[in-house]
Each structure stands twice: as structure tokens, then as C-alpha cells.
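Trainee: protein_22.pdb is reproduced in full below (PDB, C-alpha atoms and all ligand atoms).
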```pdb
MODEL        1
ATOM      1  CA  MET A  26       6.739 -14.715  -4.295  1.00  0.00           C
ATOM      2  CA  SER A  27       5.418 -11.454  -2.925  1.00  0.00           C
ATOM      3  CA  GLY A  28       8.657 -10.075  -1.511  1.00  0.00           C
ATOM      4  CA  THR A  29       9.665  -9.519   2.084  1.00  0.00           C
ATOM      5  CA  LEU A  30       8.266  -6.938   4.471  1.00  0.00           C
ATOM      6  CA  VAL A  31      11.086  -4.974   6.123  1.00  0.00           C
ATOM      7  CA  LEU A  32      10.533  -3.624   9.630  1.00  0.00           C
ATOM      8  CA  ASN A  33      12.714  -1.101  11.385  1.00  0.00           C
ATOM      9  CA  ALA A  34      14.318  -2.145  14.685  1.00  0.00           C
ATOM     10  CA  THR A  35      11.252  -0.534  16.309  1.00  0.00           C
ATOM     11  CA  TYR A  36       8.929  -2.765  14.233  1.00  0.00           C
ATOM     12  CA  GLU A  37       7.769   0.170  12.158  1.00  0.00           C
ATOM     13  CA  PRO A  38       7.141  -1.076   8.596  1.00  0.00           C
ATOM     14  CA  LEU A  39       9.677   0.403   6.163  1.00  0.00           C
ATOM     15  CA  GLY A  40       8.847  -1.195   2.864  1.00  0.00           C
ATOM     16  CA  VAL A  41       9.113  -4.284   0.720  1.00  0.00           C
ATOM     17  CA  VAL A  42      12.262  -5.797  -0.809  1.00  0.00           C
ATOM     18  CA  SER A  43      12.847  -8.947  -2.836  1.00  0.00           C
ATOM     19  CA  GLU A  44      13.192 -12.154  -0.843  1.00  0.00           C
ATOM     20  CA  ARG A  45      16.728 -12.531  -2.209  1.00  0.00           C
ATOM     21  CA  ARG A  46      17.711  -9.082  -0.919  1.00  0.00           C
ATOM     22  CA  ALA A  47      16.089  -9.856   2.438  1.00  0.00           C
ATOM     23  CA  LEU A  48      17.987 -13.122   2.719  1.00  0.00           C
ATOM     24  CA  ILE A  49      21.277 -11.313   2.100  1.00  0.00           C
ATOM     25  CA  LEU A  50      20.450  -8.854   4.915  1.00  0.00           C
ATOM     26  CA  VAL A  51      19.761 -11.799   7.256  1.00  0.00           C
ATOM     27  CA  LEU A  52      22.918 -13.688   6.222  1.00  0.00           C
ATOM     28  CA  ASN A  53      24.997 -10.523   6.759  1.00  0.00           C
ATOM     29  CA  SER A  54      23.503 -10.146  10.266  1.00  0.00           C
ATOM     30  CA  ARG A  55      21.941  -6.836   9.340  1.00  0.00           C
ATOM     31  CA  ALA A  56      18.438  -8.179   9.905  1.00  0.00           C
ATOM     32  CA  THR A  57      16.618 -10.956  11.729  1.00  0.00           C
ATOM     33  CA  MET A  58      13.992 -13.177  10.176  1.00  0.00           C
ATOM     34  CA  ILE A  59      10.655 -12.731  11.973  1.00  0.00           C
ATOM     35  CA  GLU A  60       8.419 -14.813   9.713  1.00  0.00           C
ATOM     36  CA  ASP A  61       9.418 -17.201   6.972  1.00  0.00           C
ATOM     37  CA  THR A  62       7.573 -17.989   3.759  1.00  0.00           C
ATOM     38  CA  GLY A  63       7.755 -21.749   4.173  1.00  0.00           C
ATOM     39  CA  VAL A  64       9.804 -21.858   0.970  1.00  0.00           C
ATOM     40  CA  VAL A  65      13.098 -23.586   1.748  1.00  0.00           C
ATOM     41  CA  LEU A  66      16.261 -23.013  -0.267  1.00  0.00           C
ATOM     42  CA  HIS A  67      18.767 -25.848  -0.295  1.00  0.00           C
ATOM     43  CA  PHE A  68      22.448 -25.154  -0.775  1.00  0.00           C
ATOM     44  CA  THR A  69      25.683 -26.988  -0.222  1.00  0.00           C
ATOM     45  CA  GLY A  70      25.986 -27.547   3.483  1.00  0.00           C
ATOM     46  CA  GLY A  71      22.511 -26.527   4.547  1.00  0.00           C
ATOM     47  CA  GLU A  72      19.122 -25.053   3.920  1.00  0.00           C
ATOM     48  CA  ILE A  73      17.347 -21.815   4.782  1.00  0.00           C
ATOM     49  CA  SER A  74      13.785 -20.524   4.571  1.00  0.00           C
ATOM     50  CA  LEU A  75      13.040 -17.478   2.455  1.00  0.00           C
ATOM     51  CA  PRO A  76      11.925 -14.627   4.724  1.00  0.00           C
ATOM     52  CA  SER A  77       8.405 -13.152   4.649  1.00  0.00           C
ATOM     53  CA  VAL A  78       9.094 -10.541   7.355  1.00  0.00           C
ATOM     54  CA  ILE A  79      12.474  -9.301   8.590  1.00  0.00           C
ATOM     55  CA  LYS A  80      13.430  -6.764  11.233  1.00  0.00           C
ATOM     56  CA  LEU A  81      16.549  -4.632  10.935  1.00  0.00           C
ATOM     57  CA  ASN A  82      19.024  -5.191  13.759  1.00  0.00           C
ATOM     58  CA  ARG A  83      19.892  -1.520  13.905  1.00  0.00           C
ATOM     59  CA  TYR A  84      17.425   1.340  13.810  1.00  0.00           C
ATOM     60  CA  VAL A  85      17.546   3.347  10.616  1.00  0.00           C
ATOM     61  CA  ARG A  86      16.308   6.893  10.459  1.00  0.00           C
ATOM     62  CA  VAL A  87      13.949   7.481   7.584  1.00  0.00           C
ATOM     63  CA  PRO A  88      15.343  10.787   6.369  1.00  0.00           C
ATOM     64  CA  TYR A  89      12.354  11.934   4.372  1.00  0.00           C
ATOM     65  CA  ARG A  90       8.722  11.140   4.022  1.00  0.00           C
ATOM     66  CA  HIS A  91       8.195   8.724   1.152  1.00  0.00           C
ATOM     67  CA  ALA A  92       5.241   9.319  -1.072  1.00  0.00           C
ATOM     68  CA  VAL A  93       2.629   6.585  -0.887  1.00  0.00           C
ATOM     69  CA  PRO A  94       2.412   4.861  -4.284  1.00  0.00           C
ATOM     70  CA  LEU A  95      -1.007   5.340  -5.817  1.00  0.00           C
ATOM     71  CA  SER A  96      -2.494   1.922  -6.487  1.00  0.00           C
ATOM     72  CA  ARG A  97      -6.024   0.629  -6.852  1.00  0.00           C
ATOM     73  CA  ARG A  98      -5.654  -1.430  -3.664  1.00  0.00           C
ATOM     74  CA  ALA A  99      -4.389   1.500  -1.602  1.00  0.00           C
ATOM     75  CA  LEU A 100      -7.027   3.849  -3.025  1.00  0.00           C
ATOM     76  CA  PHE A 101      -9.881   1.471  -2.195  1.00  0.00           C
ATOM     77  CA  ALA A 102      -8.423   1.067   1.309  1.00  0.00           C
ATOM     78  CA  ARG A 103      -8.294   4.860   1.777  1.00  0.00           C
ATOM     79  CA  ASP A 104     -11.928   5.223   0.704  1.00  0.00           C
ATOM     80  CA  GLY A 105     -13.147   2.270   2.762  1.00  0.00           C
ATOM     81  CA  GLY A 106     -13.830   0.135  -0.285  1.00  0.00           C
ATOM     82  CA  ARG A 107     -16.888   2.241  -1.092  1.00  0.00           C
ATOM     83  CA  CYS A 108     -17.944   4.478  -3.944  1.00  0.00           C
ATOM     84  CA  VAL A 109     -17.439   8.064  -2.723  1.00  0.00           C
ATOM     85  CA  TYR A 110     -20.615   9.188  -4.499  1.00  0.00           C
ATOM     86  CA  CYS A 111     -23.222   6.561  -3.535  1.00  0.00           C
ATOM     87  CA  THR A 112     -21.431   4.216  -1.026  1.00  0.00           C
ATOM     88  CA  ALA A 113     -21.947   1.107  -3.183  1.00  0.00           C
ATOM     89  CA  PRO A 114     -18.937  -1.252  -3.224  1.00  0.00           C
ATOM     90  CA  ALA A 115     -16.135   0.380  -5.216  1.00  0.00           C
ATOM     91  CA  THR A 116     -15.179  -1.292  -8.461  1.00  0.00           C
ATOM     92  CA  SER A 117     -13.368   1.455 -10.332  1.00  0.00           C
ATOM     93  CA  ILE A 118     -11.155   4.506 -10.043  1.00  0.00           C
ATOM     94  CA  ASP A 119     -12.674   7.882 -10.845  1.00  0.00           C
ATOM     95  CA  HIS A 120     -10.753  11.075 -11.634  1.00  0.00           C
ATOM     96  CA  VAL A 121     -12.705  13.864  -9.892  1.00  0.00           C
ATOM     97  CA  ILE A 122     -11.510  16.385 -12.466  1.00  0.00           C
ATOM     98  CA  PRO A 123     -11.610  14.223 -15.592  1.00  0.00           C
ATOM     99  CA  ARG A 124      -8.276  13.537 -17.221  1.00  0.00           C
ATOM    100  CA  SER A 125      -9.729  14.922 -20.447  1.00  0.00           C
ATOM    101  CA  ARG A 126     -10.102  18.252 -18.585  1.00  0.00           C
ATOM    102  CA  GLY A 127      -6.586  18.257 -17.239  1.00  0.00           C
ATOM    103  CA  GLY A 128      -7.164  16.370 -13.979  1.00  0.00           C
ATOM    104  CA  GLY A 129      -4.093  14.527 -12.721  1.00  0.00           C
ATOM    105  CA  HIS A 130      -3.643  10.924 -11.639  1.00  0.00           C
ATOM    106  CA  THR A 131      -2.844  12.020  -8.081  1.00  0.00           C
ATOM    107  CA  TRP A 132      -4.138  11.148  -4.603  1.00  0.00           C
ATOM    108  CA  GLU A 133      -5.950  14.501  -4.503  1.00  0.00           C
ATOM    109  CA  ASN A 134      -7.844  13.810  -7.734  1.00  0.00           C
ATOM    110  CA  VAL A 135      -8.672  10.105  -7.611  1.00  0.00           C
ATOM    111  CA  VAL A 136     -11.475   8.430  -5.674  1.00  0.00           C
ATOM    112  CA  SER A 137     -13.031   4.981  -5.427  1.00  0.00           C
ATOM    113  CA  ALA A 138     -16.242   4.708  -7.407  1.00  0.00           C
ATOM    114  CA  CYS A 139     -18.762   2.105  -8.411  1.00  0.00           C
ATOM    115  CA  HIS A 140     -19.114   1.272 -12.071  1.00  0.00           C
ATOM    116  CA  LYS A 141     -22.533   2.932 -12.300  1.00  0.00           C
ATOM    117  CA  CYS A 142     -21.417   6.308 -10.918  1.00  0.00           C
ATOM    118  CA  ASN A 143     -18.230   6.235 -12.943  1.00  0.00           C
ATOM    119  CA  HIS A 144     -20.260   5.577 -16.083  1.00  0.00           C
ATOM    120  CA  LEU A 145     -22.840   8.286 -15.278  1.00  0.00           C
ATOM    121  CA  LYS A 146     -20.171  10.830 -14.445  1.00  0.00           C
ATOM    122  CA  ALA A 147     -18.083  10.120 -17.532  1.00  0.00           C
ATOM    123  CA  ASP A 148     -16.098  13.314 -18.245  1.00  0.00           C
ATOM    124  CA  LYS A 149     -18.530  15.748 -16.588  1.00  0.00           C
ATOM    125  CA  PRO A 150     -17.423  18.011 -13.735  1.00  0.00           C
ATOM    126  CA  LEU A 151     -19.120  17.311 -10.377  1.00  0.00           C
ATOM    127  CA  LYS A 152     -20.940  20.627 -10.287  1.00  0.00           C
ATOM    128  CA  ASP A 153     -22.676  19.891 -13.593  1.00  0.00           C
ATOM    129  CA  LEU A 154     -24.100  16.747 -12.000  1.00  0.00           C
ATOM    130  CA  GLY A 155     -24.854  18.309  -8.620  1.00  0.00           C
ATOM    131  CA  TRP A 156     -22.724  15.615  -6.941  1.00  0.00           C
ATOM    132  CA  ARG A 157     -20.563  16.114  -3.870  1.00  0.00           C
ATOM    133  CA  LEU A 158     -17.621  14.192  -2.456  1.00  0.00           C
ATOM    134  CA  ARG A 159     -18.153  12.642   0.978  1.00  0.00           C
ATOM    135  CA  SER A 160     -14.650  13.724   1.927  1.00  0.00           C
ATOM    136  CA  ILE A 161     -11.766  15.640   0.359  1.00  0.00           C
ATOM    137  CA  PRO A 162      -9.363  13.186  -1.293  1.00  0.00           C
ATOM    138  CA  ARG A 163      -5.910  13.293   0.286  1.00  0.00           C
ATOM    139  CA  GLU A 164      -2.750  11.256   0.225  1.00  0.00           C
ATOM    140  CA  PRO A 165      -2.740   8.742   3.098  1.00  0.00           C
ATOM    141  CA  VAL A 166       0.086   9.204   5.592  1.00  0.00           C
ATOM    142  CA  GLY A 167       2.131   6.565   7.384  1.00  0.00           C
ATOM    143  CA  ALA A 168       4.627   3.788   6.985  1.00  0.00           C
ATOM    144  CA  ALA A 169       2.091   0.990   6.629  1.00  0.00           C
ATOM    145  CA  TRP A 170       0.466   2.813   3.730  1.00  0.00           C
ATOM    146  CA  ARG A 171       3.728   2.732   1.808  1.00  0.00           C
ATOM    147  CA  VAL A 172       3.703  -1.048   2.103  1.00  0.00           C
ATOM    148  CA  LEU A 173       0.063  -1.336   1.154  1.00  0.00           C
ATOM    149  CA  GLY A 174       0.715   0.982  -1.780  1.00  0.00           C
ATOM    150  CA  THR A 175       3.071  -1.574  -3.254  1.00  0.00           C
ATOM    151  CA  GLY A 176      -0.021  -3.729  -3.726  1.00  0.00           C
ATOM    152  CA  ARG A 177       1.746  -6.836  -2.492  1.00  0.00           C
ATOM    153  CA  ALA A 178       0.564  -7.252   1.086  1.00  0.00           C
ATOM    154  CA  ASP A 179       0.869 -10.822   2.336  1.00  0.00           C
ATOM    155  CA  ALA A 180      -1.473 -12.262   5.001  1.00  0.00           C
ATOM    156  CA  ARG A 181       1.590 -12.922   7.181  1.00  0.00           C
ATOM    157  CA  TRP A 182       2.308  -9.184   7.200  1.00  0.00           C
ATOM    158  CA  VAL A 183      -1.041  -8.118   8.632  1.00  0.00           C
ATOM    159  CA  PRO A 184      -0.090  -8.359  12.338  1.00  0.00           C
ATOM    160  CA  TYR A 185       2.889  -6.084  11.630  1.00  0.00           C
ATOM    161  CA  LEU A 186       0.884  -3.523   9.660  1.00  0.00           C
ATOM    162  CA  GLU A 187      -2.189  -3.335  11.928  1.00  0.00           C
ATOM    163  CA  PRO A 188      -0.554  -1.298  14.701  1.00  0.00           C
ATOM    164  CA  PHE A 189       0.236   1.322  12.047  1.00  0.00           C
ATOM    165  CA  GLY A 190      -3.304   1.829  10.844  1.00  0.00           C
ATOM    166  CA  VAL A 191      -3.791  -0.744   8.101  1.00  0.00           C
ATOM    167  CA  SER A 192      -6.564  -3.164   9.019  1.00  0.00           C
ATOM    168  CA  SER A 193      -6.749  -6.796   8.004  1.00  0.00           C
ATOM    169  CA  ALA A 194      -9.830  -5.905   5.963  1.00  0.00           C
ATOM    170  CA  THR A 195      -7.736  -3.764   3.647  1.00  0.00           C
ATOM    171  CA  ALA A 196      -4.381  -5.540   3.621  1.00  0.00           C
TER
HETATM  172 ZN    ZN B   1     -21.531   4.888  -6.926  1.00  0.00          ZN
ENDMDL
END
```
Could the structure of this file be written out as C-alpha cells, please?
Mentor:
Amino acid sequence: MSGTLVLNATYEPLGVVSERRALILVLNSRATMIEDTGVVLHFTGGEISLPSVIKLNRYVRVPYRHAVPLSRRALFARDGGRCVYCTAPATSIDHVIPRSRGGGHTWENVVSACHKCNHLKADKPLKDLGWRLRSIPREPVGAAWRVLGTGRADARWVPYLEPFGVSSATA
């Protein structure tokens, strides 16, 4: 059970809700099931598949820009799955300004790192090591990133996320 991907009427990904909540939206004709999970619920008088992807029947305006949740999966996706210091495959999260020196757990201060670099860096500032970042860490922008940030992307969701910048390699 990984939840249900909710798409706006325009197919823009909006977020993830529980399958139960998604089913209620479908049964109330507020949404249409696009993909099912293959899990069938039996009830008196019938049966129905739990939804994997639903699309809202009416367009909803997203009134404000949601922050992208900071997760290991989303961070590695932002940084291309590579250590920002040496480009080895990323295996850990590094705080650029170490937490022990007041660095925050924010998109602007976390990067993907390999275990070796993370270990070497420990709680030293970059300038003491003579290291540089390949790019300035920023919060990723876009609807698909919000979904990815939940850390629950399902393979069935990939075709709906790809047009919004999340590749199948990262979902
Ligand atoms: Zn490294």
C-alpha cells in the first residue's frame, strides 16, 4: 500500500493520498480512476479495485506553492544520485555547514555524498578542506517533486510524473 497519486484535471500531479481517501473521491464522482492497484475490495453487492492513480474531475487551483518535503530519495534525485564532492554514487546525506556548527537540515544545506567524502569531511567547513560544491544546493521546484518528496513513488506513477521533470531513473 503506497497510497494513490492524485492528478489535477490537467494531469498535473498534485500529491499523494491514502487509497481509502482516493476511493471515496472516486465513489463521490469527484475523481476518476486512471490506474488501479490490482487490489480488489469486495463488499455487499459488488467489488472495486483500489486506485493507484486518480484524476480530479474538476480543475483545482493550487493556491500556494507547497514546499517539497526533504527526503533522502528526493535529495539523491536532485543531485543525480552522485556525491557532490567526488561524483561517486551517493550513499549518504551531508550537511554542507555541519549541524554541529549551526547548519540547518534544509534543501540549501544538504547534499548527496558518498560515505568516504562524508567521513573525511566530518564536521569541518568546506574551506578548511579546500573542497567546492559542483552546484549551489537549492530546493527543487515543481509538482512532481512534491510527489517524489513523499518517498512513496510507485512504478505505475512514472508515466504521470515524467512530463513534469521526474525521470523513471529517479522515481
Ligand atoms: Zn564523494
Trainee: Compare A:Gly106, A:Pro162, A:Pro123, A:Pro150 by their minimum atom-to-atom distance to ligand ZN 1 (chain B), counting all atoms listed in the file, and give me the closest one.
Mentor: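 Between A:Gly106, A:Pro162, A:Pro123, A:Pro150, the residue approaching ligand ZN 1 (chain B) most closely is A:Gly106.
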Trainee: Which of these residues is nearest to ligand ZN 1 (chain B), using all atoms listed in the file: A:Gly28, A:Pro114, A:Gly105, A:Pro38?
Mentor: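 Going through A:Gly28, A:Pro114, A:Gly105, A:Pro38 one by one, the smallest distance to ligand ZN 1 (chain B) is for A:Pro114.
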Trainee: Give me the residues near Cys108 in chain A as a VMD selection string, where near means some atom within 7 Å (using only C-alpha atoms) and where sequence neighbours in that chain fewer than 4 positions away do not count.
Mentor: chain A and resid 112 to 115 137 to 139
Trainee: I'd like to know which of A:Gly167, A:Trp156, A:Val172, A:Ile49 is closest to Phe189 in chain A, using only C-alpha atoms.
Mentor: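 Looking at the shortest contact to Phe189 in chain A, the residue is A:Gly167.
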Trainee: Mind telling me what the PyMOL selection byres (((chain A and resi 79) around 6) and not hetatm) catches here, as an MDAnalysis selection string?
Mentor: chainID A and resid 31 57:59 78 80
Trainee: Would you mind reading off the distance between CA of His130 in chain A and CA of Ala147 in chain A, one decimal, in Å?
Mentor: 15.6 Å
Trainee: Around the point (10.8, -19.1, 5.3) (coordinates from the file), which residues reach within 6 Å if we count all atoms listed in the file? Answer as a ChimeraX atom specification.
Mentor: /A:61-64,74-76
Trainee: Using the selection just defined, write its residues with C-alpha atoms as a short mmCIF file (atom, residue, chain, number, x, y, z; two decimals), keeping the file's coordinate frame.
Mentor:
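That gives us out-v2.cif:
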```cif
data_model
loop_
_atom_site.label_atom_id
_atom_site.label_comp_id
_atom_site.auth_asym_id
_atom_site.auth_seq_id
_atom_site.Cartn_x
_atom_site.Cartn_y
_atom_site.Cartn_z
CA ASP A 61 9.42 -17.20 6.97
CA THR A 62 7.57 -17.99 3.76
CA GLY A 63 7.76 -21.75 4.17
CA VAL A 64 9.80 -21.86 0.97
CA SER A 74 13.78 -20.52 4.57
CA LEU A 75 13.04 -17.48 2.46
CA PRO A 76 11.92 -14.63 4.72
#
```
Trainee: Identify, on the basis of only C-alpha atoms, every residue whose closest approach to Ser117 in chain A does not exceed 12 Å; exclude the query and any residue fewer than 5 positions from it along the same chain; express the result as a ChimeraX atom specification.
Mentor: /A:96-98,100-101,104,106-109,135-144
Trainee: Residues near Ser54 in chain A, anyone? I mean within 9 Å using all atoms listed in the file, not counting same-chain ones fewer than 4 positions away, as a PDB file with C-alpha atoms, in the coordinates of the input.
Mentor:
```pdb
ATOM      1  CA  ILE A  49      21.277 -11.313   2.100  1.00  0.00           C
ATOM      2  CA  LEU A  50      20.450  -8.854   4.915  1.00  0.00           C
ATOM      3  CA  LEU A  81      16.549  -4.632  10.935  1.00  0.00           C
ATOM      4  CA  ASN A  82      19.024  -5.191  13.759  1.00  0.00           C
TER       5      ASN A  82
END
```
Trainee: Compile the contact shell of Arg83 in chain A as a list in words: residues with an atom at most 10 Å away, counting all atoms listed in the file, same-chain residues fewer than 2 positions apart removed.
Mentor: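 The residues that qualify are Asn33, Ala34, Thr35, Arg55, Ala56, Lys80, Leu81, Val85 and Arg86 of chain A.
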Trainee: Could you tell me which of A:Ile122, A:Val183, A:Tyr110, A:Thr116 comes closest to ligand ZN 1 (chain B) if we count only C-alpha atoms and all ligand atoms?
Mentor: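 Between A:Ile122, A:Val183, A:Tyr110, A:Thr116, the residue approaching ligand ZN 1 (chain B) most closely is A:Tyr110.
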Trainee: When distances are computed from all atoms listed in the file, which of A:Ile73, A:Leu32, A:Ala180, A:Ile118 shows the smallest separation from ligand ZN 1 (chain B)?
Mentor: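 Smallest distance to ligand ZN 1 (chain B) is found for A:Ile118.
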